[in-house]
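Peer 1: Sending over start_21.txt (compact mmCIF, N, CA and C atoms).
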# COMPACT_ATOMS: atom_id res chain seq x y z
N MET P 1 67.21 127.51 109.97
CA MET P 1 68.47 127.20 109.30
C MET P 1 68.95 125.84 109.80
N ASN P 2 69.24 124.92 108.87
CA ASN P 2 69.72 123.62 109.28
C ASN P 2 71.24 123.61 109.36
N THR P 3 71.80 122.52 109.86
CA THR P 3 73.25 122.41 110.04
C THR P 3 73.98 122.55 108.72
N GLN P 4 73.44 121.96 107.66
CA GLN P 4 74.09 122.03 106.35
C GLN P 4 74.26 123.48 105.90
N ASP P 5 73.28 124.35 106.20
CA ASP P 5 73.35 125.75 105.80
C ASP P 5 74.47 126.49 106.53
N SER P 6 74.86 126.03 107.72
CA SER P 6 75.86 126.74 108.49
C SER P 6 77.28 126.22 108.24
N LEU P 7 77.41 125.13 107.49
CA LEU P 7 78.74 124.60 107.18
C LEU P 7 79.38 125.40 106.05
N PRO P 8 80.71 125.43 106.01
CA PRO P 8 81.37 126.07 104.87
C PRO P 8 80.98 125.36 103.57
N PRO P 9 81.07 126.07 102.46
CA PRO P 9 80.68 125.48 101.18
C PRO P 9 81.48 124.21 100.85
N HIS P 10 80.77 123.15 100.55
CA HIS P 10 81.40 121.90 100.11
C HIS P 10 80.34 121.00 99.51
N LEU P 11 80.77 120.02 98.73
CA LEU P 11 79.85 119.05 98.14
C LEU P 11 80.46 117.67 98.34
N PRO P 12 79.96 116.92 99.33
CA PRO P 12 80.55 115.63 99.65
C PRO P 12 80.70 114.69 98.44
N GLU P 13 79.68 114.62 97.62
CA GLU P 13 79.73 113.73 96.45
C GLU P 13 80.92 114.07 95.54
N ALA P 14 81.14 115.34 95.32
CA ALA P 14 82.27 115.75 94.46
C ALA P 14 83.61 115.39 95.09
N GLU P 15 83.71 115.56 96.40
CA GLU P 15 84.97 115.22 97.08
C GLU P 15 85.26 113.73 96.97
N TRP P 16 84.24 112.90 97.19
CA TRP P 16 84.45 111.45 97.11
C TRP P 16 84.75 111.02 95.67
N MET P 17 84.08 111.63 94.70
CA MET P 17 84.34 111.27 93.30
C MET P 17 85.75 111.69 92.89
N LEU P 18 86.21 112.84 93.37
CA LEU P 18 87.58 113.27 93.05
C LEU P 18 88.59 112.31 93.67
N LEU P 19 88.33 111.87 94.89
CA LEU P 19 89.23 110.88 95.50
C LEU P 19 89.24 109.58 94.71
N ALA P 20 88.07 109.13 94.28
CA ALA P 20 87.99 107.90 93.48
C ALA P 20 88.78 108.07 92.19
N CYS P 21 88.68 109.24 91.57
CA CYS P 21 89.46 109.50 90.35
C CYS P 21 90.96 109.44 90.65
N CYS P 22 91.37 110.00 91.78
CA CYS P 22 92.79 109.97 92.16
C CYS P 22 93.29 108.53 92.34
N ILE P 23 92.43 107.68 92.89
CA ILE P 23 92.80 106.28 93.11
C ILE P 23 92.86 105.54 91.78
N GLU P 24 91.89 105.79 90.92
CA GLU P 24 91.83 105.10 89.62
C GLU P 24 92.87 105.63 88.64
N LYS P 25 93.22 106.91 88.79
CA LYS P 25 94.13 107.55 87.84
C LYS P 25 95.15 108.39 88.62
N PRO P 26 96.15 107.75 89.24
CA PRO P 26 97.10 108.46 90.11
C PRO P 26 97.93 109.53 89.40
N THR P 27 97.93 109.53 88.10
CA THR P 27 98.69 110.57 87.37
C THR P 27 98.12 111.97 87.61
N ILE P 28 96.90 112.05 88.15
CA ILE P 28 96.30 113.36 88.39
C ILE P 28 96.64 113.93 89.77
N LEU P 29 97.33 113.17 90.60
CA LEU P 29 97.61 113.60 91.98
C LEU P 29 98.26 114.98 92.06
N ALA P 30 99.11 115.31 91.11
CA ALA P 30 99.79 116.61 91.14
C ALA P 30 98.82 117.77 90.93
N SER P 31 97.64 117.49 90.38
CA SER P 31 96.66 118.55 90.12
C SER P 31 95.72 118.81 91.30
N VAL P 32 95.81 117.97 92.32
CA VAL P 32 94.88 118.02 93.46
C VAL P 32 95.67 118.36 94.73
N THR P 33 95.04 119.12 95.63
CA THR P 33 95.66 119.43 96.92
C THR P 33 94.69 119.10 98.05
N ALA P 34 95.19 119.08 99.26
CA ALA P 34 94.35 118.82 100.42
C ALA P 34 93.25 119.87 100.57
N ASP P 35 93.51 121.08 100.10
CA ASP P 35 92.51 122.15 100.20
C ASP P 35 91.26 121.89 99.36
N HIS P 36 91.33 120.95 98.44
CA HIS P 36 90.15 120.62 97.64
C HIS P 36 89.12 119.85 98.46
N PHE P 37 89.51 119.39 99.66
CA PHE P 37 88.64 118.55 100.47
C PHE P 37 88.28 119.25 101.78
N TYR P 38 87.00 119.39 102.04
CA TYR P 38 86.53 119.96 103.30
C TYR P 38 86.30 118.87 104.34
N LEU P 39 85.71 117.76 103.91
CA LEU P 39 85.35 116.69 104.84
C LEU P 39 86.60 116.05 105.46
N THR P 40 86.55 115.87 106.77
CA THR P 40 87.67 115.26 107.49
C THR P 40 87.98 113.88 106.93
N GLU P 41 86.95 113.12 106.61
CA GLU P 41 87.15 111.77 106.07
C GLU P 41 87.88 111.82 104.73
N CYS P 42 87.49 112.74 103.89
CA CYS P 42 88.13 112.86 102.58
C CYS P 42 89.59 113.29 102.73
N ARG P 43 89.85 114.19 103.65
CA ARG P 43 91.24 114.60 103.89
C ARG P 43 92.08 113.43 104.40
N ALA P 44 91.49 112.57 105.23
CA ALA P 44 92.22 111.41 105.73
C ALA P 44 92.56 110.45 104.59
N VAL P 45 91.61 110.24 103.69
CA VAL P 45 91.88 109.39 102.53
C VAL P 45 92.94 110.04 101.64
N TRP P 46 92.80 111.34 101.44
CA TRP P 46 93.79 112.08 100.63
C TRP P 46 95.20 111.93 101.23
N ASP P 47 95.31 112.07 102.53
CA ASP P 47 96.62 111.92 103.18
C ASP P 47 97.19 110.52 102.96
N LYS P 48 96.34 109.50 103.06
CA LYS P 48 96.79 108.12 102.85
C LYS P 48 97.23 107.91 101.39
N ILE P 49 96.48 108.47 100.46
CA ILE P 49 96.84 108.35 99.04
C ILE P 49 98.22 108.96 98.82
N ASN P 50 98.46 110.12 99.42
CA ASN P 50 99.76 110.77 99.24
C ASN P 50 100.90 109.99 99.87
N LEU P 51 100.65 109.35 101.00
CA LEU P 51 101.68 108.49 101.61
C LEU P 51 101.99 107.31 100.69
N LEU P 52 100.95 106.71 100.16
CA LEU P 52 101.14 105.56 99.28
C LEU P 52 101.78 105.95 97.95
N ALA P 53 101.57 107.18 97.51
CA ALA P 53 102.09 107.62 96.21
C ALA P 53 103.61 107.61 96.17
N ALA P 54 104.25 107.58 97.32
CA ALA P 54 105.72 107.53 97.35
C ALA P 54 106.25 106.20 96.81
N HIS P 55 105.40 105.18 96.77
CA HIS P 55 105.78 103.87 96.26
C HIS P 55 105.09 103.61 94.93
N PRO P 56 105.84 103.34 93.90
CA PRO P 56 105.24 103.11 92.58
C PRO P 56 104.15 102.04 92.62
N ASP P 57 103.09 102.29 91.92
CA ASP P 57 101.97 101.36 91.77
C ASP P 57 101.21 101.08 93.06
N SER P 58 101.41 101.86 94.11
CA SER P 58 100.70 101.64 95.38
C SER P 58 99.32 102.29 95.40
N VAL P 59 99.10 103.26 94.54
CA VAL P 59 97.80 103.92 94.51
C VAL P 59 96.95 103.21 93.47
N ASN P 60 96.04 102.38 93.97
CA ASN P 60 95.13 101.64 93.09
C ASN P 60 93.89 101.25 93.90
N PRO P 61 92.84 100.81 93.23
CA PRO P 61 91.58 100.50 93.93
C PRO P 61 91.66 99.36 94.94
N ILE P 62 92.71 98.57 94.91
CA ILE P 62 92.86 97.48 95.87
C ILE P 62 93.66 97.95 97.08
N THR P 63 94.82 98.53 96.84
CA THR P 63 95.74 98.90 97.91
C THR P 63 95.21 100.01 98.80
N VAL P 64 94.68 101.07 98.21
CA VAL P 64 94.26 102.22 99.02
C VAL P 64 93.20 101.83 100.05
N PRO P 65 92.09 101.20 99.65
CA PRO P 65 91.10 100.84 100.69
C PRO P 65 91.66 99.90 101.76
N MET P 66 92.56 99.01 101.38
CA MET P 66 93.13 98.08 102.36
C MET P 66 93.94 98.81 103.43
N ARG P 67 94.48 99.96 103.11
CA ARG P 67 95.34 100.71 104.04
C ARG P 67 94.56 101.72 104.89
N LEU P 68 93.25 101.76 104.75
CA LEU P 68 92.43 102.73 105.48
C LEU P 68 91.74 102.09 106.68
N GLU P 69 91.30 102.95 107.61
CA GLU P 69 90.46 102.48 108.72
C GLU P 69 89.17 101.92 108.12
N ARG P 70 88.51 101.07 108.88
CA ARG P 70 87.32 100.38 108.39
C ARG P 70 86.26 101.34 107.84
N THR P 71 85.92 102.40 108.59
CA THR P 71 84.87 103.32 108.14
C THR P 71 85.26 104.01 106.84
N LEU P 72 86.54 104.34 106.72
CA LEU P 72 86.99 104.98 105.48
C LEU P 72 87.07 103.98 104.34
N GLN P 73 87.33 102.72 104.65
CA GLN P 73 87.33 101.68 103.61
C GLN P 73 85.98 101.62 102.93
N VAL P 74 84.93 101.57 103.72
CA VAL P 74 83.58 101.44 103.19
C VAL P 74 83.25 102.64 102.30
N ALA P 75 83.47 103.83 102.80
CA ALA P 75 83.15 105.03 102.03
C ALA P 75 83.97 105.11 100.75
N THR P 76 85.24 104.73 100.82
CA THR P 76 86.11 104.80 99.64
C THR P 76 85.68 103.77 98.60
N VAL P 77 85.40 102.57 99.02
CA VAL P 77 84.95 101.53 98.08
C VAL P 77 83.60 101.93 97.46
N GLU P 78 82.72 102.51 98.26
CA GLU P 78 81.44 102.98 97.71
C GLU P 78 81.67 104.04 96.64
N ALA P 79 82.59 104.97 96.90
CA ALA P 79 82.90 106.01 95.91
C ALA P 79 83.49 105.39 94.65
N LEU P 80 84.39 104.44 94.82
CA LEU P 80 84.98 103.77 93.65
C LEU P 80 83.91 103.05 92.84
N ASN P 81 82.96 102.43 93.53
CA ASN P 81 81.88 101.71 92.83
C ASN P 81 80.92 102.66 92.11
N ARG P 82 80.75 103.88 92.62
CA ARG P 82 79.84 104.86 92.00
C ARG P 82 80.52 105.63 90.87
N LEU P 83 81.83 105.61 90.82
CA LEU P 83 82.56 106.40 89.82
C LEU P 83 82.32 105.84 88.43
N PRO P 84 81.67 106.62 87.55
CA PRO P 84 81.44 106.12 86.20
C PRO P 84 82.74 105.96 85.41
N SER P 85 83.63 106.94 85.54
CA SER P 85 84.88 106.89 84.80
C SER P 85 85.86 107.89 85.39
N PRO P 86 87.12 107.49 85.56
CA PRO P 86 88.11 108.46 86.04
C PRO P 86 88.41 109.53 84.99
N ALA P 87 87.93 109.35 83.78
CA ALA P 87 88.14 110.35 82.74
C ALA P 87 87.41 111.66 83.07
N ASN P 88 86.45 111.58 83.98
CA ASN P 88 85.69 112.78 84.38
C ASN P 88 86.40 113.59 85.46
N TRP P 89 87.64 113.28 85.77
CA TRP P 89 88.31 113.95 86.87
C TRP P 89 88.36 115.46 86.73
N PRO P 90 88.52 116.04 85.50
CA PRO P 90 88.52 117.51 85.45
C PRO P 90 87.21 118.12 85.93
N TYR P 91 86.10 117.44 85.68
CA TYR P 91 84.79 117.91 86.14
C TYR P 91 84.74 117.95 87.67
N TRP P 92 85.15 116.84 88.32
CA TRP P 92 85.11 116.77 89.78
C TRP P 92 86.12 117.75 90.38
N LEU P 93 87.27 117.89 89.75
CA LEU P 93 88.28 118.83 90.24
C LEU P 93 87.75 120.26 90.17
N GLN P 94 87.07 120.61 89.09
CA GLN P 94 86.52 121.96 88.94
C GLN P 94 85.50 122.24 90.04
N ILE P 95 84.63 121.28 90.31
CA ILE P 95 83.62 121.48 91.36
C ILE P 95 84.31 121.67 92.72
N CYS P 96 85.25 120.79 93.04
CA CYS P 96 85.95 120.90 94.33
C CYS P 96 86.74 122.20 94.41
N ASP P 97 87.29 122.63 93.29
CA ASP P 97 88.07 123.87 93.27
C ASP P 97 87.15 125.08 93.50
N GLU P 98 85.97 125.07 92.90
CA GLU P 98 85.02 126.16 93.11
C GLU P 98 84.60 126.24 94.58
N TYR P 99 84.36 125.10 95.20
CA TYR P 99 84.00 125.09 96.62
C TYR P 99 85.20 125.50 97.49
N ARG P 100 86.41 125.10 97.10
CA ARG P 100 87.62 125.52 97.82
C ARG P 100 87.71 127.04 97.82
N MET P 101 87.52 127.65 96.64
CA MET P 101 87.58 129.11 96.54
C MET P 101 86.45 129.77 97.32
N ALA P 102 85.27 129.16 97.33
CA ALA P 102 84.15 129.71 98.11
C ALA P 102 84.46 129.67 99.60
N ARG P 103 85.12 128.58 100.05
CA ARG P 103 85.51 128.51 101.48
C ARG P 103 86.53 129.59 101.80
N GLN P 104 87.49 129.79 100.91
CA GLN P 104 88.49 130.83 101.14
C GLN P 104 87.84 132.21 101.19
N THR P 105 86.90 132.46 100.31
CA THR P 105 86.20 133.74 100.28
C THR P 105 85.37 133.93 101.55
N ALA P 106 84.69 132.88 101.98
CA ALA P 106 83.89 132.96 103.21
C ALA P 106 84.78 133.23 104.41
N ARG P 107 85.95 132.56 104.46
CA ARG P 107 86.90 132.78 105.56
C ARG P 107 87.38 134.22 105.56
N LEU P 108 87.71 134.73 104.38
CA LEU P 108 88.18 136.12 104.26
C LEU P 108 87.08 137.08 104.71
N GLY P 109 85.85 136.83 104.27
CA GLY P 109 84.73 137.68 104.68
C GLY P 109 84.53 137.67 106.18
N ALA P 110 84.62 136.49 106.80
CA ALA P 110 84.47 136.38 108.25
C ALA P 110 85.60 137.12 108.97
N ASP P 111 86.82 136.99 108.45
CA ASP P 111 87.96 137.70 109.05
C ASP P 111 87.78 139.21 108.95
N LEU P 112 87.35 139.69 107.78
CA LEU P 112 87.13 141.13 107.60
C LEU P 112 86.01 141.64 108.51
N ALA P 113 84.95 140.87 108.64
CA ALA P 113 83.84 141.27 109.52
C ALA P 113 84.31 141.34 110.97
N ALA P 114 85.13 140.38 111.39
CA ALA P 114 85.65 140.39 112.76
C ALA P 114 86.55 141.61 112.99
N GLU P 115 87.39 141.91 112.01
CA GLU P 115 88.27 143.09 112.14
C GLU P 115 87.45 144.37 112.19
N ALA P 116 86.42 144.47 111.35
CA ALA P 116 85.57 145.67 111.35
C ALA P 116 84.84 145.80 112.68
N HIS P 117 84.37 144.69 113.20
CA HIS P 117 83.67 144.71 114.49
C HIS P 117 84.63 145.15 115.60
N ALA P 118 85.84 144.63 115.60
CA ALA P 118 86.83 145.01 116.62
C ALA P 118 87.17 146.50 116.50
N ALA P 119 87.29 147.00 115.29
CA ALA P 119 87.59 148.42 115.08
C ALA P 119 86.43 149.28 115.57
N ARG P 120 85.20 148.83 115.32
CA ARG P 120 84.02 149.58 115.76
C ARG P 120 83.97 149.64 117.28
N ILE P 121 84.26 148.53 117.95
CA ILE P 121 84.27 148.49 119.42
C ILE P 121 85.37 149.40 119.96
N ALA P 122 86.55 149.33 119.34
CA ALA P 122 87.66 150.18 119.78
C ALA P 122 87.31 151.65 119.61
N ALA P 123 86.65 152.00 118.52
CA ALA P 123 86.26 153.39 118.29
C ALA P 123 85.21 153.83 119.32
N PHE P 124 84.26 152.94 119.61
CA PHE P 124 83.21 153.26 120.58
C PHE P 124 83.83 153.44 121.98
N GLU P 125 84.75 152.55 122.35
CA GLU P 125 85.39 152.65 123.65
C GLU P 125 86.25 153.91 123.73
N GLY P 126 86.82 154.31 122.60
CA GLY P 126 87.63 155.51 122.57
C GLY P 126 86.80 156.78 122.76
N GLN P 127 85.53 156.74 122.39
CA GLN P 127 84.66 157.90 122.56
C GLN P 127 84.27 158.11 124.01
N GLY P 128 84.31 157.05 124.78
CA GLY P 128 83.90 157.14 126.20
C GLY P 128 84.96 157.80 127.07
N ASN P 129 86.15 157.95 126.57
CA ASN P 129 87.22 158.54 127.39
C ASN P 129 87.20 160.01 127.36
Rewrite the structure from the file as structure tokens, please.
Peer 2:
Amino acid sequence: MNTQDSLPPHLPEAEWMLLACCIEKPTILASVTADHFYLTECRAVWDKINLLAAHPDSVNPITVPMRLERTLQVATVEALNRLPSPANWPYWLQICDEYRMARQTARLGADLAAEAHAARIAAFEGQGN
């Protein structure tokens, strides 16, 4: 099993494309949440976009990368350059939303398994008395 198999469900390309869509078309910001992003880098860009959104016309392909750390600048500009069209944002949002729900389901499953394991141990310890 490789590292990618052990990570929660996510698709980096979809996260970066959704961010690029948000930068190119800020009117969609209300449809996107931080939970759509698993990658720490994408969440950092998302947070910066939301800070900039408080100022009219601040969310654009020039301003957003300029306000990011160098490593995030490069990744964000690369995503903007790969984005065929911000009109595809519903597609990228759907993919990120499906992965968001998969992460929530996996978290719930892990929590239920932990609770079941704890109950089994408590029951076993109770039999020893």
Peer 1: Which value, in Å to one decimal, gives the distance between atom N of Ile23 of chain P and atom C of Leu83 of chain P?
Peer 2: 11.2 Å
Peer 1: Atom CA of Ala79 of chain P and atom C of Trp16 of chain P are how many Å apart?
Peer 2: 5.3 Å
Peer 1: In Å to one decimal, how far is atom C of Ser85 of chain P from atom CA of Trp46 of chain P?
Peer 2: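 Between atom CA of Trp46 of chain P and atom C of Ser85 of chain P the gap works out to 17.7 Å.
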Peer 1: Need to verify the contact set: Cys96 of chain P, 7 Å, only N, CA and C atoms, exclusion of same-chain residues closer than 4 positions in sequence. Can you return it as a PDB file with N, CA and C atoms, in the frame of the given file?
Peer 2:
ATOM      1  N   LEU P  11      80.770 120.020  98.730  1.00  0.00           N
ATOM      2  CA  LEU P  11      79.850 119.050  98.140  1.00  0.00           C
ATOM      3  C   LEU P  11      80.460 117.670  98.340  1.00  0.00           C
ATOM      4  N   ALA P  14      81.140 115.340  95.320  1.00  0.00           N
ATOM      5  CA  ALA P  14      82.270 115.750  94.460  1.00  0.00           C
ATOM      6  C   ALA P  14      83.610 115.390  95.090  1.00  0.00           C
ATOM      7  N   GLU P  15      83.710 115.560  96.400  1.00  0.00           N
ATOM      8  CA  GLU P  15      84.970 115.220  97.080  1.00  0.00           C
ATOM      9  C   GLU P  15      85.260 113.730  96.970  1.00  0.00           C
ATOM     10  N   ASP P  35      93.510 121.080 100.100  1.00  0.00           N
ATOM     11  CA  ASP P  35      92.510 122.150 100.200  1.00  0.00           C
ATOM     12  C   ASP P  35      91.260 121.890  99.360  1.00  0.00           C
ATOM     13  N   HIS P  36      91.330 120.950  98.440  1.00  0.00           N
ATOM     14  CA  HIS P  36      90.150 120.620  97.640  1.00  0.00           C
ATOM     15  C   HIS P  36      89.120 119.850  98.460  1.00  0.00           C
ATOM     16  N   PHE P  37      89.510 119.390  99.660  1.00  0.00           N
ATOM     17  CA  PHE P  37      88.640 118.550 100.470  1.00  0.00           C
ATOM     18  C   PHE P  37      88.280 119.250 101.780  1.00  0.00           C
ATOM     19  N   TYR P  91      86.100 117.440  85.680  1.00  0.00           N
ATOM     20  CA  TYR P  91      84.790 117.910  86.140  1.00  0.00           C
ATOM     21  C   TYR P  91      84.740 117.950  87.670  1.00  0.00           C
ATOM     22  N   TRP P  92      85.150 116.840  88.320  1.00  0.00           N
ATOM     23  CA  TRP P  92      85.110 116.770  89.780  1.00  0.00           C
ATOM     24  C   TRP P  92      86.120 117.750  90.380  1.00  0.00           C
ATOM     25  N   ARG P 100      86.410 125.100  97.100  1.00  0.00           N
ATOM     26  CA  ARG P 100      87.620 125.520  97.820  1.00  0.00           C
ATOM     27  C   ARG P 100      87.710 127.040  97.820  1.00  0.00           C
ATOM     28  N   MET P 101      87.520 127.650  96.640  1.00  0.00           N
ATOM     29  CA  MET P 101      87.580 129.110  96.540  1.00  0.00           C
ATOM     30  C   MET P 101      86.450 129.770  97.320  1.00  0.00           C
TER      31      MET P 101
END
Peer 1: Env of Asn88 of chain P: 12 Å cut, atoms = only C-alpha atoms, seq-sep filter 6 positions within chain, self excluded. Answer as a PyMOL selection string.
Peer 2: chain P and resi 14+17-22+24-25+28+94-95
Peer 1: Just asking: which residues within segment 39-92 of chain P are alpha helix (DSSP H) according to DSSP, as a PyMOL selection string?
Peer 2: chain P and resi 40-52+63-66+70-82+89-92
